[in-house]
file start.cif (mmCIF, C-alpha atoms)
data_structure
#
loop_
_atom_site.group_PDB
_atom_site.id
_atom_site.type_symbol
_atom_site.label_atom_id
_atom_site.label_comp_id
_atom_site.auth_asym_id
_atom_site.auth_seq_id
_atom_site.Cartn_x
_atom_site.Cartn_y
_atom_site.Cartn_z
ATOM 1 C CA MET A 1 104.560 88.901 127.708
ATOM 2 C CA THR A 2 108.275 89.050 128.438
ATOM 3 C CA GLU A 3 110.226 92.277 128.180
ATOM 4 C CA VAL A 4 112.064 90.915 125.122
ATOM 5 C CA GLY A 5 108.721 89.985 123.534
ATOM 6 C CA LEU A 6 107.281 93.415 124.287
ATOM 7 C CA ARG A 7 110.383 95.142 122.915
ATOM 8 C CA GLU A 8 110.207 93.089 119.693
ATOM 9 C CA THR A 9 106.490 93.831 119.336
ATOM 10 C CA LYS A 10 107.169 97.572 119.661
ATOM 11 C CA ARG A 11 110.080 97.354 117.222
ATOM 12 C CA ARG A 12 107.907 95.592 114.645
ATOM 13 C CA ALA A 13 105.075 98.121 115.149
ATOM 14 C CA THR A 14 107.503 100.994 114.529
ATOM 15 C CA ALA A 15 108.890 99.358 111.370
ATOM 16 C CA ARG A 16 105.360 98.695 110.126
ATOM 17 C CA ALA A 17 104.209 102.282 110.803
ATOM 18 C CA LEU A 18 107.217 103.795 109.012
ATOM 19 C CA ALA A 19 106.825 101.451 106.028
ATOM 20 C CA GLN A 20 103.100 102.167 105.739
ATOM 21 C CA ALA A 21 103.698 105.919 105.908
ATOM 22 C CA ALA A 22 106.354 105.712 103.171
ATOM 23 C CA PHE A 23 104.121 103.562 100.961
ATOM 24 C CA ASP A 24 101.117 105.882 101.443
ATOM 25 C CA LEU A 25 103.171 108.973 100.613
ATOM 26 C CA ALA A 26 104.570 107.280 97.491
ATOM 27 C CA GLN A 27 101.024 106.442 96.389
ATOM 28 C CA GLU A 28 99.894 110.030 97.001
ATOM 29 C CA HIS A 29 102.876 112.010 95.695
ATOM 30 C CA GLY A 30 105.124 109.659 93.740
ATOM 31 C CA VAL A 31 108.476 108.436 95.017
ATOM 32 C CA ASP A 32 110.196 111.798 94.445
ATOM 33 C CA GLY A 33 107.343 113.852 95.913
ATOM 34 C CA PHE A 34 108.161 113.596 99.624
ATOM 35 C CA THR A 35 111.053 113.445 102.083
ATOM 36 C CA ILE A 36 112.214 111.134 104.851
ATOM 37 C CA ASP A 37 111.210 113.824 107.354
ATOM 38 C CA GLU A 38 107.655 113.630 106.006
ATOM 39 C CA ILE A 39 107.636 109.835 106.387
ATOM 40 C CA ALA A 40 108.800 110.107 109.987
ATOM 41 C CA ALA A 41 106.288 112.849 110.798
ATOM 42 C CA ARG A 42 103.370 110.942 109.280
ATOM 43 C CA ALA A 43 104.273 107.819 111.258
ATOM 44 C CA GLY A 44 104.785 109.855 114.452
ATOM 45 C CA TYR A 45 108.521 109.248 114.822
ATOM 46 C CA SER A 46 111.752 111.190 114.407
ATOM 47 C CA ARG A 47 114.090 111.121 111.418
ATOM 48 C CA ARG A 48 116.634 109.426 113.681
ATOM 49 C CA THR A 49 114.164 106.620 114.417
ATOM 50 C CA PHE A 50 113.570 106.239 110.686
ATOM 51 C CA ALA A 51 117.339 105.875 110.161
ATOM 52 C CA ASN A 52 117.430 103.084 112.755
ATOM 53 C CA TYR A 53 115.065 101.036 110.573
ATOM 54 C CA TYR A 54 115.622 101.969 106.937
ATOM 55 C CA ALA A 55 118.546 103.166 104.826
ATOM 56 C CA GLY A 56 116.346 105.319 102.603
ATOM 57 C CA LYS A 57 112.804 105.965 101.522
ATOM 58 C CA GLU A 58 112.883 103.368 98.716
ATOM 59 C CA GLU A 59 113.703 100.656 101.231
ATOM 60 C CA ALA A 60 110.886 101.846 103.502
ATOM 61 C CA ILE A 61 108.355 101.987 100.650
ATOM 62 C CA VAL A 62 108.853 98.353 99.659
ATOM 63 C CA ALA A 63 109.100 97.163 103.282
ATOM 64 C CA VAL A 64 105.318 97.445 103.546
ATOM 65 C CA ALA A 65 105.086 94.154 101.628
ATOM 66 C CA ILE A 66 107.464 92.367 104.010
ATOM 67 C CA GLU A 67 105.468 93.657 106.965
ATOM 68 C CA ARG A 68 102.278 92.217 105.387
ATOM 69 C CA VAL A 69 103.979 88.833 105.012
ATOM 70 C CA ARG A 70 105.203 88.859 108.612
ATOM 71 C CA HIS A 71 101.767 89.860 109.874
ATOM 72 C CA GLY A 72 100.241 87.000 107.900
ATOM 73 C CA LEU A 73 102.647 84.521 109.475
ATOM 74 C CA ASP A 74 102.098 85.978 112.957
ATOM 75 C CA THR A 75 98.358 85.422 112.575
ATOM 76 C CA ALA A 76 98.718 82.105 110.742
ATOM 77 C CA PRO A 77 96.155 79.360 111.276
ATOM 78 C CA ASP A 78 96.599 76.373 113.572
ATOM 79 C CA GLU A 79 99.981 74.720 113.033
ATOM 80 C CA ASP A 80 98.393 71.288 113.566
ATOM 81 C CA LEU A 81 97.200 71.414 109.949
ATOM 82 C CA PRO A 82 99.137 69.327 107.397
ATOM 83 C CA LEU A 83 101.917 71.409 105.816
ATOM 84 C CA LEU A 84 100.248 72.100 102.448
ATOM 85 C CA ASP A 85 96.913 72.936 104.111
ATOM 86 C CA TRP A 86 98.699 75.296 106.488
ATOM 87 C CA LEU A 87 100.674 77.040 103.722
ATOM 88 C CA GLN A 88 97.540 77.343 101.590
ATOM 89 C CA ALA A 89 95.671 78.955 104.502
ATOM 90 C CA VAL A 90 98.579 81.355 105.108
ATOM 91 C CA ALA A 91 98.735 82.304 101.390
ATOM 92 C CA ARG A 92 94.969 82.879 101.260
ATOM 93 C CA GLN A 93 95.080 85.067 104.353
ATOM 94 C CA GLN A 94 98.057 87.104 103.156
ATOM 95 C CA LEU A 95 96.696 87.686 99.676
ATOM 96 C CA ASN A 96 93.156 88.479 100.780
ATOM 97 C CA ASP A 97 94.638 90.832 103.384
ATOM 98 C CA GLY A 98 96.063 93.034 100.648
ATOM 99 C CA LEU A 99 99.538 91.631 99.945
ATOM 100 C CA LEU A 100 98.813 91.114 96.260
ATOM 101 C CA MET A 101 97.466 94.652 95.855
ATOM 102 C CA VAL A 102 100.513 96.067 97.638
ATOM 103 C CA LEU A 103 102.877 94.097 95.383
ATOM 104 C CA GLY A 104 100.964 95.290 92.315
ATOM 105 C CA ASP A 105 101.123 98.898 93.511
ATOM 106 C CA LEU A 106 104.846 98.547 94.196
ATOM 107 C CA GLN A 107 105.374 97.214 90.697
ATOM 108 C CA VAL A 108 103.608 100.268 89.240
ATOM 109 C CA LEU A 109 105.715 102.580 91.426
ATOM 110 C CA ALA A 110 108.894 100.792 90.281
ATOM 111 C CA GLU A 111 107.911 101.305 86.625
ATOM 112 C CA GLN A 112 107.464 105.024 87.312
ATOM 113 C CA HIS A 113 110.635 105.265 89.430
ATOM 114 C CA PRO A 114 113.322 102.817 88.166
ATOM 115 C CA PRO A 115 115.625 103.244 91.228
ATOM 116 C CA LEU A 116 112.889 101.436 93.204
ATOM 117 C CA ARG A 117 113.286 98.240 91.098
ATOM 118 C CA PRO A 118 116.261 96.703 92.949
ATOM 119 C CA HIS A 119 114.461 97.304 96.242
ATOM 120 C CA LEU A 120 111.367 95.548 94.893
ATOM 121 C CA LEU A 121 113.478 92.573 93.788
ATOM 122 C CA GLU A 122 115.003 92.436 97.257
ATOM 123 C CA VAL A 123 111.590 92.530 98.900
ATOM 124 C CA GLN A 124 110.423 89.657 96.691
ATOM 125 C CA ARG A 125 113.484 87.682 97.814
ATOM 126 C CA CYS A 126 112.734 88.533 101.451
ATOM 127 C CA ILE A 127 109.122 87.368 101.050
ATOM 128 C CA ARG A 128 110.308 83.995 99.772
ATOM 129 C CA GLU A 129 112.952 83.752 102.509
ATOM 130 C CA THR A 130 110.440 84.583 105.250
ATOM 131 C CA ALA A 131 108.043 81.952 103.915
ATOM 132 C CA ARG A 132 110.874 79.409 103.573
ATOM 133 C CA GLU A 133 111.916 79.934 107.196
ATOM 134 C CA ALA A 134 108.310 79.402 108.335
ATOM 135 C CA VAL A 135 108.085 76.177 106.313
ATOM 136 C CA LEU A 136 111.495 74.995 107.577
ATOM 137 C CA SER A 137 110.345 75.389 111.162
ATOM 138 C CA ARG A 138 107.522 72.940 110.421
ATOM 139 C CA ILE A 139 109.505 70.271 108.548
ATOM 140 C CA ASP A 140 112.584 69.881 110.730
ATOM 141 C CA GLY A 141 115.089 71.610 108.479
ATOM 142 C CA ASP A 142 114.493 69.799 105.159
ATOM 143 C CA GLN A 143 116.071 72.563 103.027
ATOM 144 C CA ILE A 144 115.283 71.100 99.598
ATOM 145 C CA HIS A 145 111.631 70.439 100.429
ATOM 146 C CA ALA A 146 111.223 73.961 101.835
ATOM 147 C CA HIS A 147 112.886 75.653 98.830
ATOM 148 C CA LEU A 148 110.826 73.720 96.287
ATOM 149 C CA LEU A 149 107.530 74.191 98.077
ATOM 150 C CA VAL A 150 107.945 77.920 98.662
ATOM 151 C CA GLY A 151 109.372 78.455 95.177
ATOM 152 C CA ALA A 152 106.376 76.767 93.580
ATOM 153 C CA ALA A 153 103.719 78.341 95.799
ATOM 154 C CA TYR A 154 105.019 81.911 95.837
ATOM 155 C CA GLY A 155 106.430 81.700 92.316
ATOM 156 C CA ALA A 156 102.883 81.253 91.045
ATOM 157 C CA LEU A 157 102.227 84.840 92.133
ATOM 158 C CA THR A 158 104.496 86.172 89.397
ATOM 159 C CA CYS A 159 101.928 85.055 86.801
ATOM 160 C CA VAL A 160 99.358 87.244 88.517
ATOM 161 C CA LEU A 161 101.692 90.203 89.049
ATOM 162 C CA ASP A 162 102.790 90.070 85.398
ATOM 163 C CA GLY A 163 99.147 90.082 84.310
ATOM 164 C CA GLN A 164 99.428 86.671 82.629
ATOM 165 C CA ILE A 165 96.616 85.267 84.795
ATOM 166 C CA PRO A 166 93.910 87.829 85.553
ATOM 167 C CA VAL A 167 92.460 87.603 89.038
ATOM 168 C CA ARG A 168 89.793 89.685 90.719
ATOM 169 C CA LEU A 169 91.152 91.303 93.846
ATOM 170 C CA PRO A 170 89.001 91.418 97.019
ATOM 171 C CA ALA A 171 88.717 95.222 96.902
ATOM 172 C CA LYS A 172 87.504 95.079 93.275
ATOM 173 C CA ALA A 173 84.356 93.001 93.467
ATOM 174 C CA ASP A 174 82.890 94.740 90.411
ATOM 175 C CA GLY A 175 84.567 92.378 87.941
ATOM 176 C CA ASN A 176 82.596 90.940 85.044
ATOM 177 C CA GLY A 177 82.871 87.421 86.453
ATOM 178 C CA SER A 178 85.402 86.198 83.881
ATOM 179 C CA GLU A 179 88.336 86.508 86.287
ATOM 180 C CA MET A 180 89.172 84.078 89.073
ATOM 181 C CA THR A 181 89.122 85.416 92.592
ATOM 182 C CA ILE A 182 92.441 85.429 94.373
ATOM 183 C CA THR A 183 91.141 82.673 96.674
ATOM 184 C CA ASP A 184 90.268 80.533 93.634
ATOM 185 C CA PHE A 185 93.753 81.122 92.251
ATOM 186 C CA VAL A 186 95.437 80.098 95.518
ATOM 187 C CA ASP A 187 93.238 76.997 95.741
ATOM 188 C CA LEU A 188 94.047 76.044 92.139
ATOM 189 C CA THR A 189 97.780 76.521 92.760
ATOM 190 C CA PHE A 190 97.684 74.210 95.768
ATOM 191 C CA THR A 191 95.571 71.650 93.893
ATOM 192 C CA TYR A 192 98.377 71.410 91.337
ATOM 193 C CA LEU A 193 100.969 71.198 94.100
ATOM 194 C CA ARG A 194 99.104 68.282 95.682
ATOM 195 C CA GLN A 195 98.418 66.418 92.442
ATOM 196 C CA GLY A 196 101.572 67.153 90.513
ATOM 197 C CA PHE A 197 101.721 68.504 87.000
#

call {"tool": "encode", "arguments": {"input": "start.cif", "output": "structure tokens"}}
result
Amino acid sequence: MTEVGLRETKRRATARALAQAAFDLAQEHGVDGFTIDEIAARAGYSRRTFANYYAGKEEAIVAVAIERVRHGLDTAPDEDLPLLDWLQAVARQQLNDGLLMVLGDLQVLAEQHPPLRPHLLEVQRCIRETAREAVLSRIDGDQIHAHLLVGAAYGALTCVLDGQIPVRLPAKADGNGSEMTITDFVDLTFTYLRQGF
């Protein structure tokens, strides 16, 4: 690994650790129940390091979702797959790896702490942008195709987050069987994308 690659890996690990610490503390104590110093201490870094990555604790709390998306893309399946198959595999991996639960938890936190809402909207935009950039890299810069595909695929998640389509999350296998699994939902979404509406 090159020095630049190693430096970027360390930078991403630091950002991920700080975001996870902030998210965990928000889950445990509420958004107002802890300080930036406590985030830094839990992650094993200084307050100054925290300030190099995040402007405030709200930004760090929601960044955990972006870090999940990036991790999912970093560990994405073989790029030789056709585009829709590849994006479906990435979405399955990300959502089964806890992204949907994190987004749901962030939505609950934002309802309890309204100043978190704009940060959550920004993180949702960043998730779409990160996915769009990954798709663009595979289709030689076709902006319209990338925007439409990512908008349709990731936009479907809003139905789940809003509770309009109930899905059974991987960590909650005790459902009564009437809900789709998240994998079934992703597969259904991509079936519609392939067939049209």

call {"tool": "closest_atom_pairs", "arguments": {"input": "start.cif", "of": "region 57-80 of chain A", "to": "region 129-134 of chain A", "cutoff": "12 Å", "atoms": "all atoms listed in the file", "output": "tab-separated table"}}
result
residue	atom	partner	partner_atom	distance
A:Ala65	CA	A:Thr130	CA	11.5
A:Ile66	CA	A:Thr130	CA	8.4
A:Glu67	CA	A:Thr130	CA	10.5
A:Arg68	CA	A:Thr130	CA	11.2
A:Val69	CA	A:Thr130	CA	7.7
A:Arg70	CA	A:Thr130	CA	7.6
A:His71	CA	A:Thr130	CA	11.2
A:Gly72	CA	A:Ala131	CA	10.1
A:Leu73	CA	A:Ala134	CA	7.7
A:Asp74	CA	A:Ala134	CA	10.2
A:Ala76	CA	A:Ala134	CA	10.3
A:Glu79	CA	A:Ala134	CA	10.6

call {"tool": "atom_distance", "arguments": {"input": "start.cif", "atom1": "CA of Leu116 (chain A)", "atom2": "CA of Gly30 (chain A)"}}
result
11.3 Å

call {"tool": "atom_distance", "arguments": {"input": "start.cif", "atom1": "CA of His145 (chain A)", "atom2": "CA of Tyr192 (chain A)"}}
result
16.1 Å

call {"tool": "closest_atom_pairs", "arguments": {"input": "start.cif", "of": "region 24-116 of chain A", "to": "region 152-160 of chain A", "cutoff": "12 Å", "atoms": "only C-alpha atoms", "output": "tab-separated table"}}
result
residue	atom	partner	partner_atom	distance
A:Val69	CA	A:Tyr154	CA	11.5
A:Leu84	CA	A:Ala153	CA	9.8
A:Leu87	CA	A:Ala153	CA	8.6
A:Gln88	CA	A:Ala153	CA	8.5
A:Ala89	CA	A:Ala153	CA	11.9
A:Val90	CA	A:Ala153	CA	11.1
A:Ala91	CA	A:Tyr154	CA	8.4
A:Arg92	CA	A:Ala153	CA	11.3
A:Gln94	CA	A:Tyr154	CA	11.4
A:Leu95	CA	A:Leu157	CA	9.8
A:Leu99	CA	A:Leu157	CA	10.7
A:Leu100	CA	A:Leu157	CA	8.2
A:Met101	CA	A:Val160	CA	10.6
A:Leu103	CA	A:Leu157	CA	9.8
A:Gly104	CA	A:Val160	CA	9.0
A:Gln107	CA	A:Thr158	CA	11.2

call {"tool": "closest_residue", "arguments": {"input": "start.cif", "among": "A:Phe190, A:Trp86, A:Phe50, A:Phe185", "to": "Arg16 (chain A)", "atoms": "all atoms listed in the file"}}
result
A:Phe50

call {"tool": "atom_distance", "arguments": {"input": "start.cif", "atom1": "CA of Arg128 (chain A)", "atom2": "CA of Ala146 (chain A)"}}
result
10.3 Å

call {"tool": "resolve_selection", "arguments": {"input": "start.cif", "expression": "the PyMOL selection byres ((chain A and resi 38) around 12)", "output": "VMD selection string"}}
result
chain A and resid 18 21 to 26 29 32 to 37 39 to 47 50 57

call {"tool": "closest_residue", "arguments": {"input": "start.cif", "among": "A:Gln195, A:Thr189, A:Asn52, A:Thr14", "to": "Val150 (chain A)", "atoms": "all atoms listed in the file"}}
result
A:Thr189

call {"tool": "residues_around", "arguments": {"input": "start.cif", "residues": "Pro166 (chain A)", "least_positions_apart": "4", "cutoff": "10 Å", "atoms": "only C-alpha atoms", "output": "VMD selection string"}}
result
chain A and resid 159 to 162 178 to 182 185

call {"tool": "closest_residue", "arguments": {"input": "start.cif", "among": "A:Glu59, A:Glu8, A:Asp78, A:Asp187", "to": "His119 (chain A)", "atoms": "all atoms listed in the file"}}
result
A:Glu59

call {"tool": "closest_residue", "arguments": {"input": "start.cif", "among": "A:Val62, A:Leu149, A:Cys126, A:Ile165", "to": "Ala110 (chain A)", "atoms": "all atoms listed in the file"}}
result
A:Val62

call {"tool": "decode", "arguments": {"input": "start.cif", "residues": "region 98-130 of chain A", "atoms": "C-alpha atoms", "output": "tab-separated table (two decimals), in the first residue's frame"}}
result
chain	number	residue	atom	x	y	z
A	98	GLY	CA	-27.01	-2.00	9.37
A	99	LEU	CA	-27.38	1.13	7.23
A	100	LEU	CA	-31.17	1.02	7.36
A	101	MET	CA	-31.20	0.62	11.14
A	102	VAL	CA	-28.76	3.51	11.51
A	103	LEU	CA	-30.91	5.75	9.30
A	104	GLY	CA	-34.00	4.78	11.29
A	105	ASP	CA	-32.22	5.53	14.57
A	106	LEU	CA	-31.03	8.87	13.21
A	107	GLN	CA	-34.57	9.74	12.22
A	108	VAL	CA	-35.77	9.03	15.77
A	109	LEU	CA	-32.94	11.15	17.20
A	110	ALA	CA	-33.85	14.00	14.81
A	111	GLU	CA	-37.48	13.87	15.99
A	112	GLN	CA	-36.27	14.16	19.59
A	113	HIS	CA	-33.68	16.84	18.77
A	114	PRO	CA	-34.89	19.09	15.89
A	115	PRO	CA	-31.48	20.80	15.35
A	116	LEU	CA	-30.27	17.40	14.07
A	117	ARG	CA	-32.78	17.45	11.15
A	118	PRO	CA	-30.77	19.59	8.70
A	119	HIS	CA	-27.74	17.38	9.34
A	120	LEU	CA	-29.82	14.28	8.60
A	121	LEU	CA	-31.06	15.83	5.34
A	122	GLU	CA	-27.46	16.59	4.41
A	123	VAL	CA	-26.38	13.04	5.16
A	124	GLN	CA	-29.18	11.69	2.97
A	125	ARG	CA	-27.93	13.95	0.16
A	126	CYS	CA	-24.37	12.73	0.73
A	127	ILE	CA	-25.51	9.10	0.57
A	128	ARG	CA	-27.12	9.70	-2.81
A	129	GLU	CA	-24.08	11.65	-4.04
A	130	THR	CA	-21.67	8.92	-2.94
